[in-house]
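A.B. asks: Dropping a structure here in structure tokens format, bear with me for questions.
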Amino acid sequence: MAIRFDGRVAIVTGAGNGLGRAHALGLAALGAKVVVNDFGGARDGTGGSLGPADAVVEEIRKAGGEAISDGADVSNFDQVQAMVAKATALWGSVDLLVANAGILRDKSFAKMEPDDFRKVVDVHLIGTFNCCKAVWNGMRERNYGRIVITTSSSGLFGNFGQANYGAAKAAMAGLMNVLAEEGRKTNIRVNTISPTAATRMTEELLPPQALQLMKPESITPAVLYLLSEDAPTRTIMGAGAGSFAVIKIMESEGINLSQADWTPDAVAAHFKEIGDMSKAQALEGAFQQTQKYVAQAAARAGIKL
């Protein structure tokens, strides 16, 4: 069966431009009713206008779809709650959420002011929390929800001048891990997209010929899959320029040291062995790490657990 979203209601944040716009148009084309959310500010989060969201709504309606615009600032929980209430009153539910809204305030760490760090974390991390929190209880009550939050290679792998953005984006992996676990019993699946595309956020970083390859529309198929009925949960997908990948956080098998070797010198001496990734695993939960370490220690001590 082809993936469709008929009868589903979606909220896409930051949907006035770039990736969010592509995701909103993609959802509407496959039958979803869409709340096009955009604060309408500049790339650094200043200003504000409903114009970009209204323009995307007009595109969707001209193509025969259903959509409304909303100007909630995702870092303001009351505004996000009001947006979810409006969508629920109009269409009966919110089934799908794409938390995409973001801003940039890039500076080297030496020059970064606390306000620039805090504002970026507020929009990306607190904003994503606000959106997830506002739809969570409704999804639990209806026993259905699909959520896609947005990370970045800047957070997962690092990028100069983006301590604020990278910290907020790395936090998405932790948020997804917990929400996916807590959402399992009520059929809420939570996944993360790590996109790279030609948008306002990247236009100054890449040459024109590269930007031509990196259309925002090349990310949307992965997002739509992660929102679908048969989506996985707790998965990070990378996407860009038509390429798609799965990203995992891995831990080496590691070794257990005798108590006599609980010294920094012993760790240094064994570091190559400790860091051997040939038997690395993507752990499925925090306690799995604890169980592994305890099992290794018990085996050394000859204790049967």
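By convention in this document, the chains of the structure tokens carry letters A, B, ... by their order, each chain's residues are numbered from 1, and ligands are numbered from 1 in the order they are shown.
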Go through segment 100-162 of chain A residue by residue and, counting only C-alpha atoms, keep those with an atom at most 6 Å from segment 70-83 of chain A; for each kept residue give the shortest atom pair and its distance in Å to one decimal, ordered by chain and increasing number, as a Markdown table.
C.D. replies:
```
| residue | atom | partner | partner_atom | distance |
| --- | --- | --- | --- | --- |
| A:Asp122 | CA | A:Ser75 | CA | 5.7 |
| A:Val123 | CA | A:Ser75 | CA | 5.1 |
| A:Ile126 | CA | A:Ser75 | CA | 6.0 |
| A:Gly127 | CA | A:Ser75 | CA | 4.3 |
| A:Asn130 | CA | A:Phe77 | CA | 5.4 |
| A:Ala134 | CA | A:Gln81 | CA | 5.4 |
```
A.B. asks: What's around segment 20-22 of chain A at 12 Å? Count only C-alpha atoms, leave out sequence neighbours fewer than 4 positions away in its own chain, and write the answer as a ChimeraX atom specification.
C.D. replies: /A:10-16,26-29,34-38,52-60,69,97-102,148-150,195,197-200,215-224
A.B. asks: Take the residues from that selection and put them in a file with N, CA and C atoms, as a tab-separated table (two decimals), in the first residue's frame.
C.D. replies:
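Done, and the output landed in again.tsv:
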```tsv
chain	number	residue	atom	x	y	z
A	10	ALA	N	-1.88	17.22	10.66
A	10	ALA	CA	-0.45	17.41	10.90
A	10	ALA	C	-0.16	18.86	11.28
A	11	ILE	N	0.81	19.03	12.17
A	11	ILE	CA	1.40	20.35	12.44
A	11	ILE	C	2.84	20.29	11.97
A	12	VAL	N	3.23	21.27	11.17
A	12	VAL	CA	4.63	21.41	10.75
A	12	VAL	C	5.09	22.78	11.21
A	13	THR	N	6.12	22.82	12.06
A	13	THR	CA	6.62	24.11	12.54
A	13	THR	C	7.75	24.60	11.64
A	14	GLY	N	7.90	25.91	11.57
A	14	GLY	CA	8.90	26.49	10.69
A	14	GLY	C	8.59	26.18	9.24
A	15	ALA	N	7.28	26.19	8.89
A	15	ALA	CA	6.84	25.70	7.58
A	15	ALA	C	6.64	26.81	6.55
A	16	GLY	N	7.07	28.02	6.87
A	16	GLY	CA	6.90	29.11	5.92
A	16	GLY	C	7.94	29.13	4.82
A	26	GLY	N	4.34	18.33	1.10
A	26	GLY	CA	4.35	16.88	0.91
A	26	GLY	C	3.23	16.18	1.65
A	27	LEU	N	3.00	16.60	2.89
A	27	LEU	CA	1.91	16.01	3.69
A	27	LEU	C	0.56	16.31	3.06
A	28	ALA	N	0.36	17.55	2.65
A	28	ALA	CA	-0.92	17.93	2.05
A	28	ALA	C	-1.18	17.18	0.75
A	29	ALA	N	-0.12	16.99	-0.04
A	29	ALA	CA	-0.27	16.27	-1.32
A	29	ALA	C	-0.69	14.82	-1.11
A	34	VAL	N	-3.19	20.22	7.18
A	34	VAL	CA	-1.91	20.71	7.70
A	34	VAL	C	-2.04	22.08	8.37
A	35	VAL	N	-1.50	22.16	9.58
A	35	VAL	CA	-1.28	23.45	10.23
A	35	VAL	C	0.12	23.91	9.82
A	36	VAL	N	0.18	25.00	9.08
A	36	VAL	CA	1.44	25.57	8.62
A	36	VAL	C	1.86	26.61	9.66
A	37	ASN	N	2.77	26.20	10.53
A	37	ASN	CA	3.21	27.11	11.59
A	37	ASN	C	4.50	27.81	11.20
A	38	ASP	N	4.52	29.12	11.36
A	38	ASP	CA	5.77	29.86	11.18
A	38	ASP	C	5.67	31.19	11.89
A	52	PRO	N	4.80	34.39	5.43
A	52	PRO	CA	5.32	33.14	4.86
A	52	PRO	C	4.38	31.95	5.06
A	53	ALA	N	3.78	31.82	6.25
A	53	ALA	CA	2.86	30.70	6.50
A	53	ALA	C	1.62	30.82	5.63
A	54	ASP	N	1.07	32.03	5.50
A	54	ASP	CA	-0.11	32.26	4.66
A	54	ASP	C	0.16	31.89	3.21
A	55	ALA	N	1.37	32.18	2.74
A	55	ALA	CA	1.71	31.87	1.35
A	55	ALA	C	1.72	30.36	1.11
A	56	VAL	N	2.22	29.59	2.07
A	56	VAL	CA	2.25	28.13	1.93
A	56	VAL	C	0.83	27.57	2.00
A	57	VAL	N	0.00	28.11	2.88
A	57	VAL	CA	-1.40	27.69	2.96
A	57	VAL	C	-2.09	27.91	1.61
A	58	GLU	N	-1.80	29.06	1.00
A	58	GLU	CA	-2.41	29.35	-0.31
A	58	GLU	C	-1.97	28.34	-1.35
A	59	GLU	N	-0.68	27.96	-1.32
A	59	GLU	CA	-0.19	26.92	-2.25
A	59	GLU	C	-0.94	25.61	-2.06
A	60	ILE	N	-1.12	25.22	-0.80
A	60	ILE	CA	-1.80	23.95	-0.51
A	60	ILE	C	-3.25	24.01	-0.97
A	69	SER	N	-2.92	28.55	8.64
A	69	SER	CA	-1.65	29.10	9.09
A	69	SER	C	-1.71	29.39	10.58
A	97	LEU	N	3.21	15.34	13.96
A	97	LEU	CA	3.95	16.55	14.29
A	97	LEU	C	5.33	16.48	13.64
A	98	VAL	N	5.68	17.55	12.95
A	98	VAL	CA	7.05	17.73	12.47
A	98	VAL	C	7.59	18.98	13.15
A	99	ALA	N	8.50	18.78	14.11
A	99	ALA	CA	9.12	19.89	14.83
A	99	ALA	C	10.37	20.31	14.06
A	100	ASN	N	10.22	21.34	13.26
A	100	ASN	CA	11.26	21.75	12.32
A	100	ASN	C	11.79	23.16	12.56
A	101	ALA	N	11.03	23.98	13.29
A	101	ALA	CA	11.39	25.40	13.43
A	101	ALA	C	12.77	25.58	14.03
A	102	GLY	N	13.51	26.55	13.52
A	102	GLY	CA	14.83	26.81	14.06
A	102	GLY	C	15.38	28.16	13.64
A	148	VAL	N	8.13	13.60	14.29
A	148	VAL	CA	9.48	13.70	13.75
A	148	VAL	C	10.09	14.99	14.27
A	149	ILE	N	11.22	14.87	14.98
A	149	ILE	CA	11.95	16.04	15.44
A	149	ILE	C	13.23	16.17	14.61
A	150	THR	N	13.87	17.32	14.69
A	150	THR	CA	14.94	17.63	13.75
A	150	THR	C	16.27	17.83	14.46
A	195	PRO	N	18.77	16.60	8.48
A	195	PRO	CA	18.76	17.02	7.07
A	195	PRO	C	19.93	17.92	6.71
A	197	ALA	N	20.31	20.65	3.45
A	197	ALA	CA	19.61	21.14	2.27
A	197	ALA	C	19.95	22.60	2.03
A	198	ALA	N	19.61	23.08	0.85
A	198	ALA	CA	19.78	24.48	0.51
A	198	ALA	C	18.60	25.27	1.07
A	199	THR	N	18.83	25.96	2.17
A	199	THR	CA	17.79	26.77	2.81
A	199	THR	C	18.42	28.09	3.25
A	200	ARG	N	17.61	28.94	3.87
A	200	ARG	CA	18.14	30.19	4.43
A	200	ARG	C	19.27	29.91	5.41
A	215	LYS	N	18.03	20.34	-2.86
A	215	LYS	CA	16.68	20.90	-2.72
A	215	LYS	C	16.03	20.41	-1.42
A	216	PRO	N	15.30	21.28	-0.72
A	216	PRO	CA	14.58	20.83	0.48
A	216	PRO	C	13.66	19.64	0.21
A	217	GLU	N	13.11	19.58	-1.01
A	217	GLU	CA	12.20	18.48	-1.36
A	217	GLU	C	12.88	17.12	-1.31
A	218	SER	N	14.22	17.11	-1.34
A	218	SER	CA	14.92	15.81	-1.29
A	218	SER	C	14.93	15.21	0.12
A	219	ILE	N	14.59	16.01	1.14
A	219	ILE	CA	14.54	15.53	2.51
A	219	ILE	C	13.16	14.95	2.84
A	220	THR	N	12.14	15.55	2.25
A	220	THR	CA	10.75	15.27	2.65
A	220	THR	C	10.35	13.80	2.55
A	221	PRO	N	10.79	13.02	1.55
A	221	PRO	CA	10.39	11.60	1.53
A	221	PRO	C	10.75	10.86	2.81
A	222	ALA	N	11.92	11.15	3.40
A	222	ALA	CA	12.30	10.49	4.65
A	222	ALA	C	11.38	10.90	5.78
A	223	VAL	N	11.05	12.20	5.84
A	223	VAL	CA	10.15	12.69	6.89
A	223	VAL	C	8.77	12.03	6.76
A	224	LEU	N	8.26	11.95	5.55
A	224	LEU	CA	6.93	11.35	5.34
A	224	LEU	C	6.94	9.86	5.70
```
A.B. asks: Would you return as a ChimeraX atom specification the members of segment 76-276 of chain A that DSSP assigns to alpha helix (DSSP H) on this structure's backbone?
C.D. replies: /A:77-91,114-121,127-142,153-156,163-183,208-213,220-226,264-269,271-274
A.B. asks: Counting only C-alpha atoms, what is within 8 Å of segment 253-263 of chain A, bar same-chain residues fewer than 5 positions away, as a PyMOL selection string?
C.D. replies: chain A and resi 273-277+279-281+293+296-297+300
A.B. asks: Convert the current residue selection to file output with C-alpha atoms, as a PDB file, in the first residue's frame.
C.D. replies:
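What landed in result_9.pdb:
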```
ATOM      1  CA  GLU A 273      41.513  -2.090  23.370  1.00  0.00           C
ATOM      2  CA  ILE A 274      38.828  -0.036  25.159  1.00  0.00           C
ATOM      3  CA  GLY A 275      38.169   1.870  21.935  1.00  0.00           C
ATOM      4  CA  ASP A 276      38.063  -1.170  19.626  1.00  0.00           C
ATOM      5  CA  MET A 277      34.804  -0.726  17.679  1.00  0.00           C
ATOM      6  CA  LYS A 279      32.062  -5.393  18.416  1.00  0.00           C
ATOM      7  CA  ALA A 280      30.343  -2.027  18.929  1.00  0.00           C
ATOM      8  CA  GLN A 281      26.601  -1.955  19.515  1.00  0.00           C
ATOM      9  CA  TYR A 293      29.236  -3.431  32.716  1.00  0.00           C
ATOM     10  CA  GLN A 296      31.700  -7.948  32.643  1.00  0.00           C
ATOM     11  CA  ALA A 297      32.594  -7.253  36.282  1.00  0.00           C
ATOM     12  CA  ARG A 300      35.950 -11.204  36.126  1.00  0.00           C
TER      13      ARG A 300
END
```
A.B. asks: Choose the residue, out of A:Ser108, A:Gln291, A:Gln212, A:Thr128, that has the smallest atom-to-atom separation from Ala163 of chain A; count only C-alpha atoms.
C.D. replies: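 Nearest to Ala163 of chain A: A:Ser108.
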A.B. asks: What's the 7 Å shell around Val94 of chain A, counting only C-alpha atoms, without same-chain residues fewer than 6 positions away, as an MDAnalysis selection string?
C.D. replies: chainID A and resid 9:10 87:88 135
A.B. asks: Can I get the selected residues back with C-alpha atoms, as a PDB file, in the first residue's frame?
C.D. replies:
```
ATOM      1  CA  VAL A   9      -4.033  16.142  10.917  1.00  0.00           C
ATOM      2  CA  ALA A  10      -0.451  17.412  10.901  1.00  0.00           C
ATOM      3  CA  ALA A  87      -6.251  22.464  15.173  1.00  0.00           C
ATOM      4  CA  THR A  88      -8.106  20.024  17.436  1.00  0.00           C
ATOM      5  CA  VAL A 135       0.289  17.084  21.350  1.00  0.00           C
TER       6      VAL A 135
END
```
A.B. asks: Can you check which residues of segment 9-122 of chain A DSSP gives as strand (DSSP E) on the backbone and send them as a count of residues only?
C.D. replies: 18
A.B. asks: Rounded to one decimal, what separation in Å do you get between atom CA of Gly138 of chain A and atom CA of Ser93 of chain A?
C.D. replies: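 That distance, rounded to one decimal, is 7.2 Å.
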A.B. asks: What's around Asp95 of chain A at 8 Å? Count only C-alpha atoms, leave out sequence neighbours fewer than 6 positions away in its own chain, and write the answer as a compact mmCIF listing (two decimals) with N, CA and C atoms, in the first residue's frame.
C.D. replies:
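Done, and the output landed in around24.txt:
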```
# COMPACT_ATOMS: atom_id res chain seq x y z
N ARG A 8 -5.70 12.33 8.41
CA ARG A 8 -4.75 12.70 9.45
C ARG A 8 -4.57 14.22 9.49
N VAL A 9 -4.28 14.72 10.70
CA VAL A 9 -4.03 16.14 10.92
C VAL A 9 -2.58 16.31 11.34
N ALA A 10 -1.88 17.22 10.66
CA ALA A 10 -0.45 17.41 10.90
C ALA A 10 -0.16 18.86 11.28
N MET A 139 -2.48 12.47 21.71
CA MET A 139 -2.02 11.26 21.01
C MET A 139 -2.18 10.03 21.89
N TYR A 144 -2.65 6.97 19.10
CA TYR A 144 -1.98 7.12 17.80
C TYR A 144 -1.23 8.44 17.76
N GLY A 145 0.02 8.37 17.31
CA GLY A 145 0.79 9.59 17.08
C GLY A 145 2.07 9.28 16.35
N ARG A 146 2.46 10.20 15.49
CA ARG A 146 3.74 10.09 14.80
C ARG A 146 4.42 11.46 14.92
```
A.B. asks: For Ala282 of chain A, list every protein, DNA or RNA residue within 8 Å, evaluated using only C-alpha atoms, and leave out those in the same chain fewer than 4 positions away; present the list as a list in words.
C.D. replies: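 Listing them by chain and then by number gives Lys248, Ile249, Met250 and Glu251 of chain A.
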A.B. asks: Give me a file of those residues, with N, CA and C atoms, as a PDB file, in the first residue's frame.
C.D. replies:
```pdb
ATOM      1  N   LYS A 248      23.402   5.961  13.950  1.00  0.00           N
ATOM      2  CA  LYS A 248      23.286   5.331  15.265  1.00  0.00           C
ATOM      3  C   LYS A 248      24.400   5.820  16.191  1.00  0.00           C
ATOM      4  N   ILE A 249      24.090   5.916  17.469  1.00  0.00           N
ATOM      5  CA  ILE A 249      25.094   6.209  18.489  1.00  0.00           C
ATOM      6  C   ILE A 249      25.589   4.868  19.032  1.00  0.00           C
ATOM      7  N   MET A 250      26.881   4.616  18.903  1.00  0.00           N
ATOM      8  CA  MET A 250      27.444   3.292  19.190  1.00  0.00           C
ATOM      9  C   MET A 250      28.321   3.331  20.438  1.00  0.00           C
ATOM     10  N   GLU A 251      28.441   2.159  21.097  1.00  0.00           N
ATOM     11  CA  GLU A 251      29.367   2.000  22.209  1.00  0.00           C
ATOM     12  C   GLU A 251      30.231   0.776  21.952  1.00  0.00           C
TER      13      GLU A 251
END
```
A.B. asks: Record the distance separating atom CA of Leu125 of chain A and atom CA of Ala168 of chain A, expressed in Å with one decimal.
C.D. replies: 5.4 Å
A.B. asks: Just the residues within 9 Å of Arg4 of chain A, please, counting only C-alpha atoms, with nothing from its chain fewer than 4 positions along; format it as a list in words.
C.D. replies: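 Selected residues are Leu27, Ala29, Leu30, Gly31, Ala32, Ser228 and Glu229 of chain A.
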A.B. asks: Using only C-alpha atoms, which residue out of A:Tyr165, A:Phe244, A:Trp91, A:Phe157 lies closest to Lys107 of chain A?
C.D. replies: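 Closest to Lys107 of chain A of all the choices is A:Tyr165.
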